[in-house]
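Heads up, input01.cif below (mmCIF, N, CA and C atoms):
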```cif
data_model
loop_
_atom_site.label_atom_id
_atom_site.label_comp_id
_atom_site.auth_asym_id
_atom_site.auth_seq_id
_atom_site.Cartn_x
_atom_site.Cartn_y
_atom_site.Cartn_z
N MET A 63 -19.27 91.42 223.11
CA MET A 63 -19.79 92.24 222.04
C MET A 63 -20.38 91.35 220.96
N LEU A 64 -21.44 91.83 220.43
CA LEU A 64 -22.06 91.11 219.35
C LEU A 64 -21.57 91.65 218.03
N HIS A 65 -21.21 90.75 217.17
CA HIS A 65 -20.80 91.14 215.83
C HIS A 65 -21.90 90.73 214.86
N GLU A 66 -22.36 91.72 214.16
CA GLU A 66 -23.37 91.41 213.15
C GLU A 66 -22.67 91.05 211.85
N GLU A 67 -23.07 89.94 211.33
CA GLU A 67 -22.52 89.56 210.03
C GLU A 67 -23.37 90.19 208.95
N LYS A 68 -22.68 90.83 208.03
CA LYS A 68 -23.38 91.40 206.89
C LYS A 68 -23.45 90.35 205.81
N THR A 69 -24.63 89.94 205.53
CA THR A 69 -24.81 88.96 204.46
C THR A 69 -25.43 89.66 203.27
N ALA A 70 -24.92 89.32 202.14
CA ALA A 70 -25.45 89.90 200.90
C ALA A 70 -26.75 89.21 200.57
N ARG A 71 -27.77 90.01 200.46
CA ARG A 71 -29.06 89.44 200.10
C ARG A 71 -29.18 89.44 198.59
N ALA A 72 -29.82 88.44 198.09
CA ALA A 72 -30.03 88.35 196.65
C ALA A 72 -30.93 89.50 196.20
N PRO A 73 -30.55 90.15 195.10
CA PRO A 73 -31.39 91.25 194.62
C PRO A 73 -32.73 90.72 194.13
N SER A 74 -33.73 91.56 194.28
CA SER A 74 -35.06 91.15 193.82
C SER A 74 -35.10 91.12 192.30
N ALA A 75 -36.09 90.44 191.80
CA ALA A 75 -36.24 90.34 190.34
C ALA A 75 -36.48 91.72 189.74
N ALA A 76 -37.18 92.58 190.44
CA ALA A 76 -37.47 93.92 189.92
C ALA A 76 -36.20 94.75 189.80
N SER A 77 -35.25 94.55 190.70
CA SER A 77 -34.03 95.35 190.64
C SER A 77 -33.10 94.89 189.52
N ARG A 78 -33.33 93.70 189.01
CA ARG A 78 -32.51 93.20 187.90
C ARG A 78 -33.04 93.66 186.54
N VAL A 79 -34.14 94.34 186.51
CA VAL A 79 -34.76 94.73 185.24
C VAL A 79 -33.88 95.73 184.49
N ALA A 80 -33.36 96.73 185.18
CA ALA A 80 -32.57 97.78 184.50
C ALA A 80 -31.35 97.21 183.78
N PRO A 81 -30.53 96.37 184.43
CA PRO A 81 -29.39 95.82 183.69
C PRO A 81 -29.81 94.94 182.52
N VAL A 82 -30.84 94.17 182.68
CA VAL A 82 -31.28 93.27 181.61
C VAL A 82 -31.82 94.08 180.43
N VAL A 83 -32.62 95.09 180.71
CA VAL A 83 -33.16 95.93 179.63
C VAL A 83 -32.03 96.66 178.91
N SER A 84 -31.06 97.17 179.67
CA SER A 84 -29.92 97.86 179.05
C SER A 84 -29.14 96.93 178.13
N LEU A 85 -28.92 95.70 178.58
CA LEU A 85 -28.18 94.75 177.75
C LEU A 85 -28.98 94.35 176.52
N VAL A 86 -30.28 94.22 176.65
CA VAL A 86 -31.11 93.87 175.49
C VAL A 86 -31.09 95.01 174.47
N ILE A 87 -31.26 96.25 174.94
CA ILE A 87 -31.23 97.39 174.03
C ILE A 87 -29.86 97.50 173.36
N GLY A 88 -28.81 97.31 174.14
CA GLY A 88 -27.46 97.36 173.58
C GLY A 88 -27.18 96.20 172.64
N GLY A 89 -27.88 95.11 172.81
CA GLY A 89 -27.67 93.95 171.95
C GLY A 89 -28.44 93.99 170.64
N LEU A 90 -29.42 94.86 170.53
CA LEU A 90 -30.21 94.93 169.30
C LEU A 90 -29.37 95.21 168.05
N PRO A 91 -28.36 96.09 168.10
CA PRO A 91 -27.56 96.31 166.90
C PRO A 91 -26.80 95.06 166.44
N LEU A 92 -26.65 94.09 167.32
CA LEU A 92 -25.94 92.86 166.94
C LEU A 92 -26.73 92.04 165.93
N ILE A 93 -28.02 92.33 165.78
CA ILE A 93 -28.84 91.62 164.78
C ILE A 93 -28.30 91.88 163.38
N VAL A 94 -27.88 93.11 163.11
CA VAL A 94 -27.38 93.45 161.77
C VAL A 94 -25.85 93.39 161.71
N TYR A 95 -25.22 92.98 162.79
CA TYR A 95 -23.76 93.01 162.84
C TYR A 95 -23.07 92.21 161.73
N PRO A 96 -23.55 91.05 161.31
CA PRO A 96 -22.85 90.33 160.23
C PRO A 96 -22.69 91.18 158.97
N PHE A 97 -23.72 91.97 158.66
CA PHE A 97 -23.65 92.83 157.48
C PHE A 97 -22.70 93.99 157.71
N VAL A 98 -22.72 94.55 158.91
CA VAL A 98 -21.81 95.64 159.26
C VAL A 98 -20.37 95.15 159.20
N PHE A 99 -20.14 93.97 159.74
CA PHE A 99 -18.79 93.40 159.75
C PHE A 99 -18.26 93.22 158.32
N LEU A 100 -19.09 92.68 157.46
CA LEU A 100 -18.69 92.46 156.08
C LEU A 100 -18.36 93.78 155.38
N ALA A 101 -19.21 94.78 155.56
CA ALA A 101 -18.97 96.09 154.95
C ALA A 101 -17.71 96.73 155.53
N ASN A 102 -17.51 96.60 156.84
CA ASN A 102 -16.32 97.20 157.47
C ASN A 102 -15.04 96.54 156.98
N VAL A 103 -15.04 95.24 156.85
CA VAL A 103 -13.85 94.54 156.37
C VAL A 103 -13.52 94.97 154.94
N MET A 104 -14.55 95.08 154.11
CA MET A 104 -14.31 95.53 152.74
C MET A 104 -13.80 96.97 152.71
N SER A 105 -14.35 97.83 153.55
CA SER A 105 -13.90 99.23 153.59
C SER A 105 -12.48 99.35 154.12
N LEU A 106 -12.15 98.56 155.13
CA LEU A 106 -10.79 98.61 155.68
C LEU A 106 -9.76 98.05 154.68
N ALA A 107 -10.18 97.10 153.84
CA ALA A 107 -9.26 96.50 152.86
C ALA A 107 -9.13 97.33 151.59
N ALA A 108 -10.02 98.28 151.40
CA ALA A 108 -10.02 99.07 150.16
C ALA A 108 -8.83 100.03 150.12
N GLU A 109 -8.47 100.40 148.92
CA GLU A 109 -7.42 101.41 148.73
C GLU A 109 -7.91 102.74 149.28
N PRO A 110 -7.08 103.46 150.02
CA PRO A 110 -7.52 104.76 150.52
C PRO A 110 -7.64 105.77 149.38
N ASP A 111 -8.58 106.67 149.53
CA ASP A 111 -8.80 107.72 148.54
C ASP A 111 -7.65 108.73 148.66
N PRO A 112 -6.86 108.93 147.60
CA PRO A 112 -5.72 109.85 147.69
C PRO A 112 -6.14 111.30 147.90
N SER A 113 -7.37 111.64 147.54
CA SER A 113 -7.81 113.02 147.70
C SER A 113 -8.43 113.28 149.08
N ALA A 114 -8.56 112.24 149.91
CA ALA A 114 -9.18 112.39 151.22
C ALA A 114 -8.25 113.15 152.16
N THR A 115 -8.85 113.99 152.98
CA THR A 115 -8.06 114.73 153.97
C THR A 115 -7.64 113.79 155.09
N ARG A 116 -6.67 114.22 155.85
CA ARG A 116 -6.20 113.42 156.98
C ARG A 116 -7.33 113.21 157.99
N LEU A 117 -8.12 114.28 158.25
CA LEU A 117 -9.23 114.18 159.19
C LEU A 117 -10.25 113.14 158.72
N LEU A 118 -10.55 113.14 157.45
CA LEU A 118 -11.50 112.17 156.91
C LEU A 118 -10.99 110.75 157.08
N ARG A 119 -9.70 110.53 156.82
CA ARG A 119 -9.14 109.19 156.99
C ARG A 119 -9.18 108.74 158.45
N VAL A 120 -8.85 109.66 159.37
CA VAL A 120 -8.85 109.31 160.80
C VAL A 120 -10.27 109.00 161.27
N VAL A 121 -11.22 109.84 160.91
CA VAL A 121 -12.60 109.64 161.34
C VAL A 121 -13.16 108.34 160.76
N SER A 122 -12.91 108.09 159.48
CA SER A 122 -13.46 106.89 158.86
C SER A 122 -12.84 105.62 159.44
N LYS A 123 -11.53 105.60 159.61
CA LYS A 123 -10.88 104.40 160.19
C LYS A 123 -11.34 104.18 161.63
N THR A 124 -11.46 105.27 162.40
CA THR A 124 -11.91 105.13 163.78
C THR A 124 -13.33 104.59 163.83
N PHE A 125 -14.21 105.10 162.97
CA PHE A 125 -15.58 104.60 162.90
C PHE A 125 -15.58 103.11 162.55
N LEU A 126 -14.83 102.74 161.54
CA LEU A 126 -14.82 101.34 161.10
C LEU A 126 -14.29 100.41 162.18
N ILE A 127 -13.22 100.81 162.85
CA ILE A 127 -12.63 99.96 163.89
C ILE A 127 -13.56 99.86 165.10
N LEU A 128 -14.12 100.99 165.55
CA LEU A 128 -15.01 100.95 166.72
C LEU A 128 -16.30 100.19 166.43
N SER A 129 -16.85 100.35 165.24
CA SER A 129 -18.08 99.62 164.94
C SER A 129 -17.81 98.13 164.75
N THR A 130 -16.63 97.78 164.28
CA THR A 130 -16.27 96.37 164.16
C THR A 130 -16.06 95.74 165.54
N ALA A 131 -15.54 96.52 166.48
CA ALA A 131 -15.23 95.99 167.82
C ALA A 131 -16.45 95.98 168.75
N TYR A 132 -17.58 96.48 168.31
CA TYR A 132 -18.74 96.59 169.20
C TYR A 132 -19.14 95.28 169.89
N PRO A 133 -19.16 94.15 169.22
CA PRO A 133 -19.55 92.91 169.93
C PRO A 133 -18.64 92.60 171.13
N LEU A 134 -17.37 92.97 171.03
CA LEU A 134 -16.47 92.75 172.17
C LEU A 134 -16.86 93.63 173.35
N VAL A 135 -17.25 94.86 173.06
CA VAL A 135 -17.69 95.77 174.12
C VAL A 135 -18.96 95.23 174.78
N TRP A 136 -19.90 94.80 173.95
CA TRP A 136 -21.17 94.29 174.49
C TRP A 136 -20.94 93.00 175.28
N LEU A 137 -20.10 92.12 174.76
CA LEU A 137 -19.82 90.87 175.45
C LEU A 137 -19.12 91.13 176.79
N GLY A 138 -18.18 92.07 176.80
CA GLY A 138 -17.51 92.44 178.05
C GLY A 138 -18.50 92.98 179.07
N ALA A 139 -19.42 93.83 178.61
CA ALA A 139 -20.44 94.36 179.51
C ALA A 139 -21.34 93.25 180.03
N LEU A 140 -21.68 92.31 179.16
CA LEU A 140 -22.52 91.18 179.57
C LEU A 140 -21.84 90.36 180.66
N VAL A 141 -20.60 89.99 180.44
CA VAL A 141 -19.86 89.17 181.41
C VAL A 141 -19.71 89.92 182.73
N PHE A 142 -19.30 91.19 182.65
CA PHE A 142 -19.10 91.99 183.86
C PHE A 142 -20.42 92.15 184.61
N THR A 143 -21.53 92.34 183.89
CA THR A 143 -22.83 92.47 184.53
C THR A 143 -23.23 91.18 185.23
N ILE A 144 -23.01 90.06 184.57
CA ILE A 144 -23.35 88.76 185.18
C ILE A 144 -22.53 88.53 186.44
N VAL A 145 -21.23 88.85 186.39
CA VAL A 145 -20.38 88.68 187.57
C VAL A 145 -20.87 89.56 188.71
N LEU A 146 -21.18 90.82 188.41
CA LEU A 146 -21.64 91.72 189.46
C LEU A 146 -23.00 91.31 190.01
N LEU A 147 -23.89 90.83 189.15
CA LEU A 147 -25.18 90.35 189.64
C LEU A 147 -25.02 89.11 190.52
N SER A 148 -24.06 88.27 190.17
CA SER A 148 -23.83 87.08 191.01
C SER A 148 -23.28 87.46 192.38
N LYS A 149 -22.66 88.63 192.45
CA LYS A 149 -22.17 89.15 193.73
C LYS A 149 -23.20 90.06 194.40
N HIS A 150 -24.39 90.11 193.83
CA HIS A 150 -25.52 90.89 194.36
C HIS A 150 -25.23 92.39 194.37
N ASP A 151 -24.46 92.86 193.43
CA ASP A 151 -24.15 94.28 193.31
C ASP A 151 -24.92 94.85 192.13
N VAL A 152 -26.20 95.10 192.34
CA VAL A 152 -27.08 95.51 191.25
C VAL A 152 -26.72 96.90 190.74
N GLY A 153 -26.33 97.80 191.63
CA GLY A 153 -26.00 99.16 191.21
C GLY A 153 -24.86 99.19 190.20
N ARG A 154 -23.77 98.54 190.53
CA ARG A 154 -22.63 98.50 189.61
C ARG A 154 -22.95 97.66 188.39
N ALA A 155 -23.76 96.64 188.54
CA ALA A 155 -24.16 95.82 187.38
C ALA A 155 -24.96 96.65 186.39
N THR A 156 -25.79 97.54 186.91
CA THR A 156 -26.57 98.40 186.02
C THR A 156 -25.64 99.33 185.24
N TRP A 157 -24.65 99.91 185.93
CA TRP A 157 -23.69 100.78 185.23
C TRP A 157 -22.90 100.00 184.19
N ALA A 158 -22.51 98.77 184.52
CA ALA A 158 -21.77 97.95 183.55
C ALA A 158 -22.63 97.63 182.34
N ALA A 159 -23.90 97.41 182.56
CA ALA A 159 -24.81 97.07 181.46
C ALA A 159 -25.08 98.27 180.56
N ILE A 160 -24.93 99.47 181.09
CA ILE A 160 -25.19 100.68 180.31
C ILE A 160 -24.01 101.04 179.41
N VAL A 161 -22.82 100.56 179.69
CA VAL A 161 -21.60 100.93 178.95
C VAL A 161 -21.76 100.83 177.43
N PRO A 162 -22.37 99.80 176.87
CA PRO A 162 -22.48 99.74 175.40
C PRO A 162 -23.30 100.88 174.79
N LEU A 163 -24.21 101.46 175.56
CA LEU A 163 -25.07 102.50 174.99
C LEU A 163 -24.31 103.79 174.66
N PRO A 164 -23.49 104.34 175.57
CA PRO A 164 -22.69 105.50 175.17
C PRO A 164 -21.66 105.16 174.09
N TYR A 165 -21.19 103.93 174.09
CA TYR A 165 -20.27 103.49 173.03
C TYR A 165 -20.95 103.59 171.68
N LEU A 166 -22.22 103.16 171.62
CA LEU A 166 -22.98 103.27 170.38
C LEU A 166 -23.19 104.73 169.98
N VAL A 167 -23.38 105.60 170.96
CA VAL A 167 -23.55 107.02 170.67
C VAL A 167 -22.27 107.58 170.03
N VAL A 168 -21.12 107.19 170.56
CA VAL A 168 -19.84 107.64 170.00
C VAL A 168 -19.68 107.12 168.57
N VAL A 169 -19.99 105.85 168.35
CA VAL A 169 -19.88 105.28 167.00
C VAL A 169 -20.84 105.99 166.04
N ALA A 170 -22.06 106.25 166.49
CA ALA A 170 -23.04 106.94 165.64
C ALA A 170 -22.57 108.37 165.34
N ALA A 171 -21.99 109.03 166.33
CA ALA A 171 -21.48 110.39 166.11
C ALA A 171 -20.34 110.39 165.09
N LEU A 172 -19.46 109.41 165.18
CA LEU A 172 -18.38 109.31 164.20
C LEU A 172 -18.93 109.06 162.80
N GLY A 173 -19.95 108.21 162.69
CA GLY A 173 -20.58 107.97 161.40
C GLY A 173 -21.22 109.23 160.84
N TRP A 174 -21.84 110.00 161.72
CA TRP A 174 -22.47 111.26 161.30
C TRP A 174 -21.41 112.26 160.85
N ILE A 175 -20.31 112.35 161.60
CA ILE A 175 -19.21 113.25 161.21
C ILE A 175 -18.61 112.81 159.88
N TRP A 176 -18.43 111.51 159.72
CA TRP A 176 -17.85 110.97 158.48
C TRP A 176 -18.75 111.31 157.28
N SER A 177 -20.05 111.20 157.48
CA SER A 177 -20.96 111.48 156.36
C SER A 177 -20.96 112.96 155.97
N GLY A 178 -20.56 113.82 156.91
CA GLY A 178 -20.54 115.25 156.61
C GLY A 178 -19.21 115.75 156.06
N LEU A 179 -18.20 114.91 156.08
CA LEU A 179 -16.88 115.35 155.61
C LEU A 179 -16.71 115.16 154.14
#
```

Translate this structure into structure tokens?
Amino acid sequence: MLHEEKTARAPSAASRVAPVVSLVIGGLPLIVYPFVFLANVMSLAAEPDPSATRLLRVVSKTFLILSTAYPLVWLGALVFTIVLLSKHDVGRATWAAIVPLPYLVVVAALGWIWSGL
């Protein structure tokens, strides 16, 4: 019997476009991150408003913590994408590269909710 060996073929350059574009788009907010980090640290260190509702405190702290942690999410997606691309798994690499984008949507939604409270 003949056994065919399945060899992983290197993905084409065109198939790597989606993960790279996703990571670049997800990385754009990192340009302003130093300013966001500074503002978040000051907000987290500030005295809480005694008249604020519990919901407002939860939403604001969650927004501040998630927006501060964003570089870790993006870096994790970058590393995971690189590992998957090195294993020629472009499909899963694309999904890993997209992870920061819904994270940003959640952070933006929390900011929008916070501004309305």

To test the calculation: enclose all listed atoms of range 138-157 of chain A in a box whose edges run along x, y and z, add 5 Å on each side, then state centre and edge lengths in Å to one decimal, as lines of an AutoDock Vina configuration file.
```
center_x = -22.3
center_y = 93.9
center_z = 185.6
size_x = 19.6
size_y = 23.7
size_z = 27.6
```

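Reported to one decimal place, the separation of CA of Leu172 in chain A from atom C of Arg154 in chain A is 27.2 Å.
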
Do you know which residues the PyMOL selection byres ((chain A and resi 89-101) around 8) returns on this file, as a PDB file with N, CA and C atoms, keeping the file's coordinate frame?
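Resulting contents of part-v6.pdb:
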```
ATOM      1  N   VAL A  83     -32.620  95.090 180.710  1.00  0.00           N
ATOM      2  CA  VAL A  83     -33.160  95.930 179.630  1.00  0.00           C
ATOM      3  C   VAL A  83     -32.030  96.660 178.910  1.00  0.00           C
ATOM      4  N   SER A  84     -31.060  97.170 179.670  1.00  0.00           N
ATOM      5  CA  SER A  84     -29.920  97.860 179.050  1.00  0.00           C
ATOM      6  C   SER A  84     -29.140  96.930 178.130  1.00  0.00           C
ATOM      7  N   LEU A  85     -28.920  95.700 178.580  1.00  0.00           N
ATOM      8  CA  LEU A  85     -28.180  94.750 177.750  1.00  0.00           C
ATOM      9  C   LEU A  85     -28.980  94.350 176.520  1.00  0.00           C
ATOM     10  N   VAL A  86     -30.280  94.220 176.650  1.00  0.00           N
ATOM     11  CA  VAL A  86     -31.110  93.870 175.490  1.00  0.00           C
ATOM     12  C   VAL A  86     -31.090  95.010 174.470  1.00  0.00           C
ATOM     13  N   ILE A  87     -31.260  96.250 174.940  1.00  0.00           N
ATOM     14  CA  ILE A  87     -31.230  97.390 174.030  1.00  0.00           C
ATOM     15  C   ILE A  87     -29.860  97.500 173.360  1.00  0.00           C
ATOM     16  N   GLY A  88     -28.810  97.310 174.140  1.00  0.00           N
ATOM     17  CA  GLY A  88     -27.460  97.360 173.580  1.00  0.00           C
ATOM     18  C   GLY A  88     -27.180  96.200 172.640  1.00  0.00           C
ATOM     19  N   ASN A 102     -17.510  96.600 156.840  1.00  0.00           N
ATOM     20  CA  ASN A 102     -16.320  97.200 157.470  1.00  0.00           C
ATOM     21  C   ASN A 102     -15.040  96.540 156.980  1.00  0.00           C
ATOM     22  N   VAL A 103     -15.040  95.240 156.850  1.00  0.00           N
ATOM     23  CA  VAL A 103     -13.850  94.540 156.370  1.00  0.00           C
ATOM     24  C   VAL A 103     -13.520  94.970 154.940  1.00  0.00           C
ATOM     25  N   MET A 104     -14.550  95.080 154.110  1.00  0.00           N
ATOM     26  CA  MET A 104     -14.310  95.530 152.740  1.00  0.00           C
ATOM     27  C   MET A 104     -13.800  96.970 152.710  1.00  0.00           C
ATOM     28  N   SER A 105     -14.350  97.830 153.550  1.00  0.00           N
ATOM     29  CA  SER A 105     -13.900  99.230 153.590  1.00  0.00           C
ATOM     30  C   SER A 105     -12.480  99.350 154.120  1.00  0.00           C
ATOM     31  N   LEU A 106     -12.150  98.560 155.130  1.00  0.00           N
ATOM     32  CA  LEU A 106     -10.790  98.610 155.680  1.00  0.00           C
ATOM     33  C   LEU A 106      -9.760  98.050 154.680  1.00  0.00           C
ATOM     34  N   ALA A 107     -10.180  97.100 153.840  1.00  0.00           N
ATOM     35  CA  ALA A 107      -9.260  96.500 152.860  1.00  0.00           C
ATOM     36  C   ALA A 107      -9.130  97.330 151.590  1.00  0.00           C
ATOM     37  N   LEU A 126     -14.830 102.740 161.540  1.00  0.00           N
ATOM     38  CA  LEU A 126     -14.820 101.340 161.100  1.00  0.00           C
ATOM     39  C   LEU A 126     -14.290 100.410 162.180  1.00  0.00           C
ATOM     40  N   SER A 129     -16.850 100.350 165.240  1.00  0.00           N
ATOM     41  CA  SER A 129     -18.080  99.620 164.940  1.00  0.00           C
ATOM     42  C   SER A 129     -17.810  98.130 164.750  1.00  0.00           C
ATOM     43  N   THR A 130     -16.630  97.780 164.280  1.00  0.00           N
ATOM     44  CA  THR A 130     -16.270  96.370 164.160  1.00  0.00           C
ATOM     45  C   THR A 130     -16.060  95.740 165.540  1.00  0.00           C
ATOM     46  N   TYR A 132     -17.580  96.480 168.310  1.00  0.00           N
ATOM     47  CA  TYR A 132     -18.740  96.590 169.200  1.00  0.00           C
ATOM     48  C   TYR A 132     -19.140  95.280 169.890  1.00  0.00           C
ATOM     49  N   PRO A 133     -19.160  94.150 169.220  1.00  0.00           N
ATOM     50  CA  PRO A 133     -19.550  92.910 169.930  1.00  0.00           C
ATOM     51  C   PRO A 133     -18.640  92.600 171.130  1.00  0.00           C
ATOM     52  N   TRP A 136     -19.900  94.800 173.950  1.00  0.00           N
ATOM     53  CA  TRP A 136     -21.170  94.290 174.490  1.00  0.00           C
ATOM     54  C   TRP A 136     -20.940  93.000 175.280  1.00  0.00           C
ATOM     55  N   PRO A 162     -22.370  99.800 176.870  1.00  0.00           N
ATOM     56  CA  PRO A 162     -22.480  99.740 175.400  1.00  0.00           C
ATOM     57  C   PRO A 162     -23.300 100.880 174.790  1.00  0.00           C
ATOM     58  N   LEU A 163     -24.210 101.460 175.560  1.00  0.00           N
ATOM     59  CA  LEU A 163     -25.070 102.500 174.990  1.00  0.00           C
ATOM     60  C   LEU A 163     -24.310 103.790 174.660  1.00  0.00           C
TER      61      LEU A 163
END
```

> In chain A, what's alpha helix (DSSP H) per DSSP? Answer as a ChimeraX atom specification?
Replying inline: /A:79-89,95-107,116-130,132-148,152-160,162-178

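Between atom C of Pro81 in chain A and atom C of Ala170 in chain A lies a distance of 23.0 Å.
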
I need the output of the PyMOL selection byres ((chain A and resi 155) around 7) for this file as a PDB file with N, CA and C atoms, in the coordinates of the input; which residues are they?
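For reference, result37.pdb as written:
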```pdb
ATOM      1  N   ALA A  80     -33.360  96.730 185.180  1.00  0.00           N
ATOM      2  CA  ALA A  80     -32.570  97.780 184.500  1.00  0.00           C
ATOM      3  C   ALA A  80     -31.350  97.210 183.780  1.00  0.00           C
ATOM      4  N   PRO A  81     -30.530  96.370 184.430  1.00  0.00           N
ATOM      5  CA  PRO A  81     -29.390  95.820 183.690  1.00  0.00           C
ATOM      6  C   PRO A  81     -29.810  94.940 182.520  1.00  0.00           C
ATOM      7  N   PHE A 142     -19.300  91.190 182.650  1.00  0.00           N
ATOM      8  CA  PHE A 142     -19.100  91.990 183.860  1.00  0.00           C
ATOM      9  C   PHE A 142     -20.420  92.150 184.610  1.00  0.00           C
ATOM     10  N   THR A 143     -21.530  92.340 183.890  1.00  0.00           N
ATOM     11  CA  THR A 143     -22.830  92.470 184.530  1.00  0.00           C
ATOM     12  C   THR A 143     -23.230  91.180 185.230  1.00  0.00           C
ATOM     13  N   ILE A 144     -23.010  90.060 184.570  1.00  0.00           N
ATOM     14  CA  ILE A 144     -23.350  88.760 185.180  1.00  0.00           C
ATOM     15  C   ILE A 144     -22.530  88.530 186.440  1.00  0.00           C
ATOM     16  N   LEU A 146     -21.180  90.820 188.410  1.00  0.00           N
ATOM     17  CA  LEU A 146     -21.640  91.720 189.460  1.00  0.00           C
ATOM     18  C   LEU A 146     -23.000  91.310 190.010  1.00  0.00           C
ATOM     19  N   LEU A 147     -23.890  90.830 189.150  1.00  0.00           N
ATOM     20  CA  LEU A 147     -25.180  90.350 189.640  1.00  0.00           C
ATOM     21  C   LEU A 147     -25.020  89.110 190.520  1.00  0.00           C
ATOM     22  N   ASP A 151     -24.460  92.860 193.430  1.00  0.00           N
ATOM     23  CA  ASP A 151     -24.150  94.280 193.310  1.00  0.00           C
ATOM     24  C   ASP A 151     -24.920  94.850 192.130  1.00  0.00           C
ATOM     25  N   VAL A 152     -26.200  95.100 192.340  1.00  0.00           N
ATOM     26  CA  VAL A 152     -27.080  95.510 191.250  1.00  0.00           C
ATOM     27  C   VAL A 152     -26.720  96.900 190.740  1.00  0.00           C
ATOM     28  N   GLY A 153     -26.330  97.800 191.630  1.00  0.00           N
ATOM     29  CA  GLY A 153     -26.000  99.160 191.210  1.00  0.00           C
ATOM     30  C   GLY A 153     -24.860  99.190 190.200  1.00  0.00           C
ATOM     31  N   ARG A 154     -23.770  98.540 190.530  1.00  0.00           N
ATOM     32  CA  ARG A 154     -22.630  98.500 189.610  1.00  0.00           C
ATOM     33  C   ARG A 154     -22.950  97.660 188.390  1.00  0.00           C
ATOM     34  N   THR A 156     -25.790  97.540 186.910  1.00  0.00           N
ATOM     35  CA  THR A 156     -26.570  98.400 186.020  1.00  0.00           C
ATOM     36  C   THR A 156     -25.640  99.330 185.240  1.00  0.00           C
ATOM     37  N   TRP A 157     -24.650  99.910 185.930  1.00  0.00           N
ATOM     38  CA  TRP A 157     -23.690 100.780 185.230  1.00  0.00           C
ATOM     39  C   TRP A 157     -22.900 100.000 184.190  1.00  0.00           C
ATOM     40  N   ALA A 158     -22.510  98.770 184.520  1.00  0.00           N
ATOM     41  CA  ALA A 158     -21.770  97.950 183.550  1.00  0.00           C
ATOM     42  C   ALA A 158     -22.630  97.630 182.340  1.00  0.00           C
ATOM     43  N   ALA A 159     -23.900  97.410 182.560  1.00  0.00           N
ATOM     44  CA  ALA A 159     -24.810  97.070 181.460  1.00  0.00           C
ATOM     45  C   ALA A 159     -25.080  98.270 180.560  1.00  0.00           C
ATOM     46  N   ILE A 160     -24.930  99.470 181.090  1.00  0.00           N
ATOM     47  CA  ILE A 160     -25.190 100.680 180.310  1.00  0.00           C
ATOM     48  C   ILE A 160     -24.010 101.040 179.410  1.00  0.00           C
TER      49      ILE A 160
END
```

> At what distance in Å, to one decimal, does atom N of Val168 in chain A lie from atom N of Asp111 in chain A?
Replying inline: 24.5 Å

Can you tell me, as a PDB file with N, CA and C atoms, in the coordinates of the input, what residues are no more than 8 Å from Val169 in chain A when counting all atoms listed in the file, ignoring any on the same chain fewer than 2 positions away?
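This went into out_7.pdb:
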```
ATOM      1  N   THR A 124     -11.460 105.270 162.400  1.00  0.00           N
ATOM      2  CA  THR A 124     -11.910 105.130 163.780  1.00  0.00           C
ATOM      3  C   THR A 124     -13.330 104.590 163.830  1.00  0.00           C
ATOM      4  N   PHE A 125     -14.210 105.100 162.970  1.00  0.00           N
ATOM      5  CA  PHE A 125     -15.580 104.600 162.900  1.00  0.00           C
ATOM      6  C   PHE A 125     -15.580 103.110 162.550  1.00  0.00           C
ATOM      7  N   LEU A 126     -14.830 102.740 161.540  1.00  0.00           N
ATOM      8  CA  LEU A 126     -14.820 101.340 161.100  1.00  0.00           C
ATOM      9  C   LEU A 126     -14.290 100.410 162.180  1.00  0.00           C
ATOM     10  N   LEU A 128     -14.120 100.990 165.550  1.00  0.00           N
ATOM     11  CA  LEU A 128     -15.010 100.950 166.720  1.00  0.00           C
ATOM     12  C   LEU A 128     -16.300 100.190 166.430  1.00  0.00           C
ATOM     13  N   SER A 129     -16.850 100.350 165.240  1.00  0.00           N
ATOM     14  CA  SER A 129     -18.080  99.620 164.940  1.00  0.00           C
ATOM     15  C   SER A 129     -17.810  98.130 164.750  1.00  0.00           C
ATOM     16  N   LEU A 163     -24.210 101.460 175.560  1.00  0.00           N
ATOM     17  CA  LEU A 163     -25.070 102.500 174.990  1.00  0.00           C
ATOM     18  C   LEU A 163     -24.310 103.790 174.660  1.00  0.00           C
ATOM     19  N   PRO A 164     -23.490 104.340 175.570  1.00  0.00           N
ATOM     20  CA  PRO A 164     -22.690 105.500 175.170  1.00  0.00           C
ATOM     21  C   PRO A 164     -21.660 105.160 174.090  1.00  0.00           C
ATOM     22  N   TYR A 165     -21.190 103.930 174.090  1.00  0.00           N
ATOM     23  CA  TYR A 165     -20.270 103.490 173.030  1.00  0.00           C
ATOM     24  C   TYR A 165     -20.950 103.590 171.680  1.00  0.00           C
ATOM     25  N   LEU A 166     -22.220 103.160 171.620  1.00  0.00           N
ATOM     26  CA  LEU A 166     -22.980 103.270 170.380  1.00  0.00           C
ATOM     27  C   LEU A 166     -23.190 104.730 169.980  1.00  0.00           C
ATOM     28  N   VAL A 167     -23.380 105.600 170.960  1.00  0.00           N
ATOM     29  CA  VAL A 167     -23.550 107.020 170.670  1.00  0.00           C
ATOM     30  C   VAL A 167     -22.270 107.580 170.030  1.00  0.00           C
ATOM     31  N   ALA A 171     -21.990 109.030 166.330  1.00  0.00           N
ATOM     32  CA  ALA A 171     -21.480 110.390 166.110  1.00  0.00           C
ATOM     33  C   ALA A 171     -20.340 110.390 165.090  1.00  0.00           C
ATOM     34  N   LEU A 172     -19.460 109.410 165.180  1.00  0.00           N
ATOM     35  CA  LEU A 172     -18.380 109.310 164.200  1.00  0.00           C
ATOM     36  C   LEU A 172     -18.930 109.060 162.800  1.00  0.00           C
ATOM     37  N   GLY A 173     -19.950 108.210 162.690  1.00  0.00           N
ATOM     38  CA  GLY A 173     -20.580 107.970 161.400  1.00  0.00           C
ATOM     39  C   GLY A 173     -21.220 109.230 160.840  1.00  0.00           C
ATOM     40  N   TRP A 174     -21.840 110.000 161.720  1.00  0.00           N
ATOM     41  CA  TRP A 174     -22.470 111.260 161.300  1.00  0.00           C
ATOM     42  C   TRP A 174     -21.410 112.260 160.850  1.00  0.00           C
ATOM     43  N   ILE A 175     -20.310 112.350 161.600  1.00  0.00           N
ATOM     44  CA  ILE A 175     -19.210 113.250 161.210  1.00  0.00           C
ATOM     45  C   ILE A 175     -18.610 112.810 159.880  1.00  0.00           C
TER      46      ILE A 175
END
```
